[in-house]
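J.: Quick one: this structure, given as structure tokens, is what I'll be asking you about.
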Amino acid sequence: MSFLKEISIKTSEHTQMVDITAQVAAAVRESGVQDGLCVVFSDHTTAAVTINENADPDVQRDFIKEINKIVPWDDGYHHREGNSAAHLKASMTGASETVIISGGKLHLGIWQGIYFLEYDGPRNRHVSVKVIAG
Ligand code: ZN
């Protein structure tokens with residue numbers, strides 16, 4: 001058995017971490033799957049998905065500050081669209097995460113949340129949530 005759900009995300013900042021844990025958990029509930037895997041996938045080339053701390057918002061602030069330092073927006077890139085930094089950051093952090101489903105719930109650590117990473121916003125975005133029983 002498998003289930004696919006699309007989650008819409010409207011980002012408001014140029015670089016932003018959006019906590020989508022509740023929407024992913026809702027998709028898992030809607031699937032009815034008790035045990036299996038959940039894949040959260042972004043089909044954008046300038047955004048990503050990651051899992052990180054959801055307790056202290058300063059972690060998100062530090063993440064954005066440091067990734068912008070590692071990959072500056074302007075650095076003599078060749079890509080004419082002008083958003084090479086966003087493409088680089090998207091590949092560095094990755095397009096998807098896989099989470100185990102146990103007892104109908106996401107098997108996340110107590111301090112973990114699932115984040116959509118916007119690197120070239122604000123934009124209307126979406127991620128796909130695929131739930132597979134097994
Ligand atoms: Zn581009």
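Residues are named by chain letter and number: chains run A, B, ... in the order of the structure tokens, numbers start at 1 in each chain, and ligands are numbered from 1 in the order shown.
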Which residues of chain A come within 8 Å of ligand 1, and what is each one's closest atom pair and distance in Å (one decimal), counting only C-alpha atoms and all ligand atoms, sorted by chain and residue number, as a Markdown table?
T.:
```
| residue | atom | partner | partner_atom_place_in_ligand_line | distance |
| --- | --- | --- | --- | --- |
| A:Thr45 | CA | ligand 1 | 1 (Zn) | 7.6 |
| A:Thr46 | CA | ligand 1 | 1 (Zn) | 7.4 |
| A:His79 | CA | ligand 1 | 1 (Zn) | 6.6 |
| A:Arg80 | CA | ligand 1 | 1 (Zn) | 7.4 |
| A:Glu81 | CA | ligand 1 | 1 (Zn) | 4.9 |
| A:Gly82 | CA | ligand 1 | 1 (Zn) | 6.4 |
| A:Asn83 | CA | ligand 1 | 1 (Zn) | 4.9 |
| A:Ser84 | CA | ligand 1 | 1 (Zn) | 5.8 |
| A:Ala86 | CA | ligand 1 | 1 (Zn) | 7.6 |
| A:His87 | CA | ligand 1 | 1 (Zn) | 6.5 |
```
J.: Among chain A, which ones does DSSP assign to strand (DSSP E or B) (computed from the backbone)? Answer as a PyMOL selection string.
T.: chain A and resi 2-10+16-19+36-42+47-53+96-102+105-106+112-118+124-133
J.: What is the distance, in Å and to one decimal place, between CA of Ile132 in chain A and CA of Ala22 in chain A?
T.: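 Separation between CA of Ile132 in chain A and CA of Ala22 in chain A: 18.4 Å.
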J.: If we count only C-alpha atoms, what is near Ile67 in chain A at a cut-off of 8 Å, once residues fewer than 4 positions away on the same chain are taken out, given as a PyMOL selection string?
T.: chain A and resi 63+71+89
J.: For Val131 in chain A, which residue out of A:Ser8, A:Thr21, A:Thr93, A:Gln34 is the nearest one, using only C-alpha atoms?
T.: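 Of the candidates, the smallest distance to Val131 in chain A is held by A:Gln34.
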J.: Rounded to one decimal in Å, what is the spacing between CA of Val39 in chain A and CA of Ser128 in chain A?
T.: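 Straight-line distance from CA of Val39 in chain A to CA of Ser128 in chain A works out to 7.9 Å.
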J.: Which residues of range 25-61 of chain A have any atom within 12 Å of an atom in range 110-123 of chain A when counting only C-alpha atoms, and what is the closest pair of atoms for each, with the distance in Å to one decimal? Order the rows by chain and rising number and write it as CSV.
T.:
```
residue,atom,partner,partner_atom,distance
A:Ala25,CA,A:Ile114,CA,9.8
A:Cys38,CA,A:Ile114,CA,11.6
A:Val39,CA,A:Ile114,CA,11.1
A:Val40,CA,A:Ile114,CA,8.8
A:Phe41,CA,A:Phe116,CA,9.5
A:Ser42,CA,A:Phe116,CA,8.2
A:Asp43,CA,A:Phe116,CA,11.5
A:His44,CA,A:Glu118,CA,9.6
A:Thr45,CA,A:Tyr119,CA,9.4
A:Thr46,CA,A:Tyr119,CA,5.7
A:Ala47,CA,A:Glu118,CA,4.8
A:Ala48,CA,A:Leu117,CA,4.9
A:Val49,CA,A:Phe116,CA,4.7
A:Thr50,CA,A:Tyr115,CA,5.3
A:Ile51,CA,A:Ile114,CA,4.6
A:Asn52,CA,A:Gln112,CA,5.3
A:Glu53,CA,A:Gln112,CA,4.8
A:Asn54,CA,A:Gly113,CA,5.2
A:Ala55,CA,A:Trp111,CA,6.1
A:Asp56,CA,A:Trp111,CA,9.2
A:Pro57,CA,A:Gly113,CA,11.5
A:Val59,CA,A:Trp111,CA,11.5
A:Gln60,CA,A:Tyr115,CA,9.7
```
J.: Which neighbours of Ile100 in chain A fall inside 9 Å, counting only C-alpha atoms, when residues of the same chain fewer than 6 positions from it are skipped, and could you give them as a list in words?
T.: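 These residues fall inside the cut-off: Asp35, Gly36, Leu37, Cys38, Val39, Leu106, His107 and Leu108 of chain A.
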J.: In Å to one decimal, how far is CA of Val129 in chain A from CA of Ser96 in chain A?
T.: 9.7 Å
J.: Would you give me, as a PyMOL selection string, the residues in chain A that DSSP reads as helix (DSSP H, G or I)?
T.: chain A and resi 21-31+57-70+84-93
J.: Find, counting only C-alpha atoms, the residue in A:Ala133, A:Val127, A:Ile7, A:Ala85 that gets nearest to Glu97 in chain A.
T.: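 Answer, going by the shortest atom-to-atom distance: A:Val127.
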J.: For Ser31 in chain A, which residue out of A:Asn124, A:Ser12, A:Ser2, A:Asn68 is the nearest one, using only C-alpha atoms?
T.: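 So, comparing all the options, the nearest one is A:Ser2.
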